[in-house]
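This report refers to the structure that appears directly beneath it.
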Amino acid sequence: MLNYIWLGMLVIGFAVGIMNGRIEAVTKAAMDSAQTAVQLSIGLLGIMCLWTGLMNIAEKSGLIRRIARAVRPLMRFLFPEVPQNHPALGAIVMNLVANLFGLGNAATPLGLKAMTELQKINPDKDTSSNAMSMFLVLNTSAIQLIPATIIAVRSAAGSRNPAEVIGTIWVATLCASITGIIAVKLFSMYGRTKQKGGTAKWK
Amino acid sequence: MEIIKTLSIYAVPAIFLAILAAGVYKDIKVYDVFVEGAKEGISTIIRIIPSLVGLLVAVGVFRASGALDLLIYAASPLASIFNIPSEALPLAFLRPISGSASLALVSDVIKVHGPDSFIGRVVSTMMGSTETIFYTLAVYFGAVGIKNVRYTLAAALIADFVSVIASVWICGAVFGS
């Protein structure tokens, strides 16, 4: 699916760019974006090392296992394929908590750690497991207690009450999260792309 | 609200101290274990770069060419069915694709319509309620080398669509339109 979307965006983009006479701007955007991607990744490097280092201590000391055990019922519902006490569960919980507190710098490395752990128990290394899909969808609709960026933008624009949207954001996010969880559950049960070990896999 | 703000400030130091305390309690050589774990971070980042370059280039080309504007124009009849204000529609498309571009768009819409207008509140709520789907997918799947994402993108986009509709609805219900 990503193959087609990626191809489509590029082909349509260049075609429309030629028709609009914006082809120079399009070429420049391609080059600039490539550079931005590397800058973004390298910018993450230090923080990433910091958190994977700390997480290693947390794991070796058994702290993560204890955290995972505390929220076991919820985790068992969301990630039924992941064995109990698996380090992936601890990393997932830490990532979701970091998201909740808006600690973006911590959330991404913790999420990557979780993905690495989930990949270890993935029966088909090229294909997303149900647990990975659930984790990803939870992350794209993650609830944040204080949406700091948007409050800052509103306050800079002279809002009388910049933080008044916190409540509406909570409601909208919760709707998105619940929908996402239901969608993943339905897809993993009835979708045509069953997880390996289940039934047939497409393509 | 103050409590949450305070919690946010003390969360990181508290996590640091809790992890270090757990390490000391279990008699772990904390520095050695830290360095060993930090090495893992480097390889993860290196694995992200190719997929992120691919994704951001496609997004950059799609936006700069005006193709995104065409898509938004084509979708405007659909927006009126779901009561999405036409000023908020571009954001609905941009939000899953590019975080920085959406933020720029939100700032612009807020500047034009005012932060305390209905449109201003709707775009603020939309901006805050979902993440950049394509970026998240590229980074997380790229890091572990997943090629077939199965239904993940579809599920994320469904959730995103619901958040757009929910944003319009809840802002109307809470603030009045």
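Here's how to read the names in the structure tokens: chain A, B, ... by the order shown, residue numbers from 1 in each chain, ligand numbers from 1 in the order shown.
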Extract, using only C-alpha atoms, all DNA, RNA and protein residues at most 12 Å from Val93 (chain A), discarding same-chain residues fewer than 4 positions from it, and format them as a VMD selection string.
chain A and resid 63 to 72 74 to 75 78 to 79 86 to 89 97 to 100 107 110 to 111 113 to 114 135 138 to 139
Running DSSP on the backbone, which parts of region 36-202 of chain A land in helix (DSSP H, G or I), as a PyMOL selection string?
chain A and resi 36-60+63-70+72-78+87-100+104-120+130-140+148-156+162-190
Within 10 Å of Ile45 (chain B), counting only C-alpha atoms, which residues show up once you throw out same-chain ones fewer than 6 positions away? Write them as a list in words, please.
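Result of the neighbour search: Val38, Leu40, Ser41, Ile42, Gly43, Leu44, Leu45, Gly46, Met48, Cys49, Pro109 and Leu112 of chain A; Val139, Gly142 and Ala143 of chain B.
Closest approach to chain B among A:Gly13, A:Lys185, A:Lys28, A:Leu2: A:Gly13, based on only C-alpha atoms.
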In Å, rounded to a single decimal, give me how far CA of Leu54 (chain A) is from CA of Lys29 (chain B).
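Straight-line distance from CA of Lys29 (chain B) to CA of Leu54 (chain A) works out to 12.2 Å.
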Top pick for closest residue to chain B, considering A:Asp32, A:Asp126, A:Glu59, A:Glu117 and counting only C-alpha atoms:
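Looking only at the distances to chain B, the closest residue turns out to be A:Asp126.
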Tell me which protein, DNA and RNA residues are within 10 Å of region 11-14 of chain B, counting only C-alpha atoms, leaving out same-chain ones fewer than 6 positions away, and put them as a count of residues only.
7
With only C-alpha atoms as the basis for distance, which of B:Trp169, B:Pro85, B:Phe118, B:Ile19 is at the shortest distance from chain A?
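Using only C-alpha atoms, chain A sits closest to B:Ile19.
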For each of B:Leu70, B:Val174, B:Ala38, B:Ile165, take the minimum atom-to-atom distance to chain A, counting only C-alpha atoms, then give the residue where this is smallest.
B:Ala38
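Comparing A:Gln39, A:Thr27, A:Glu81, A:Ile146 by their smallest distance to Ile46 (chain B), the closest is A:Gln39 (using only C-alpha atoms).
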Who sits within 9 Å of Leu105 (chain B), only C-alpha atoms, same chain under 4 positions skipped, as a list in words
Pro90, Leu91, Leu94, Ser100, Ala101, Val109 and Ile110 of chain B
Interatomic distance, CA of Trp51 (chain A) to CA of Gly37 (chain B) (Å, one decimal)
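Going from CA of Trp51 (chain A) over to CA of Gly37 (chain B), I get 8.4 Å.
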If you count only C-alpha atoms, which residues fall within 8 Å of region 164-167 of chain A, apart from same-chain ones fewer than 4 positions away, as a PyMOL selection string?
(chain A and resi 145-147+171) or (chain B and resi 121+124-125)
May I have the residues within 9 Å of Tyr151 (chain B) as a list in words, using only C-alpha atoms and disregarding those fewer than 2 positions away in the same chain?
Met1, Ser128, Ser133, Val184, Phe187, Ser188, Gly191 and Thr193 of chain A; Val149, Leu153, Ala154, Ala155 and Ala156 of chain B
Of the listed residues A:Ile169, A:Ile178, A:Leu96, A:Ile5, that which approaches chain B most closely, counting only C-alpha atoms
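Of all the options, A:Ile169 lies closest to chain B.
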Measure the distance from CA of Asn3 (chain A) to CA of Pro77 (chain B) in Å and round it to one decimal.
28.6 Å
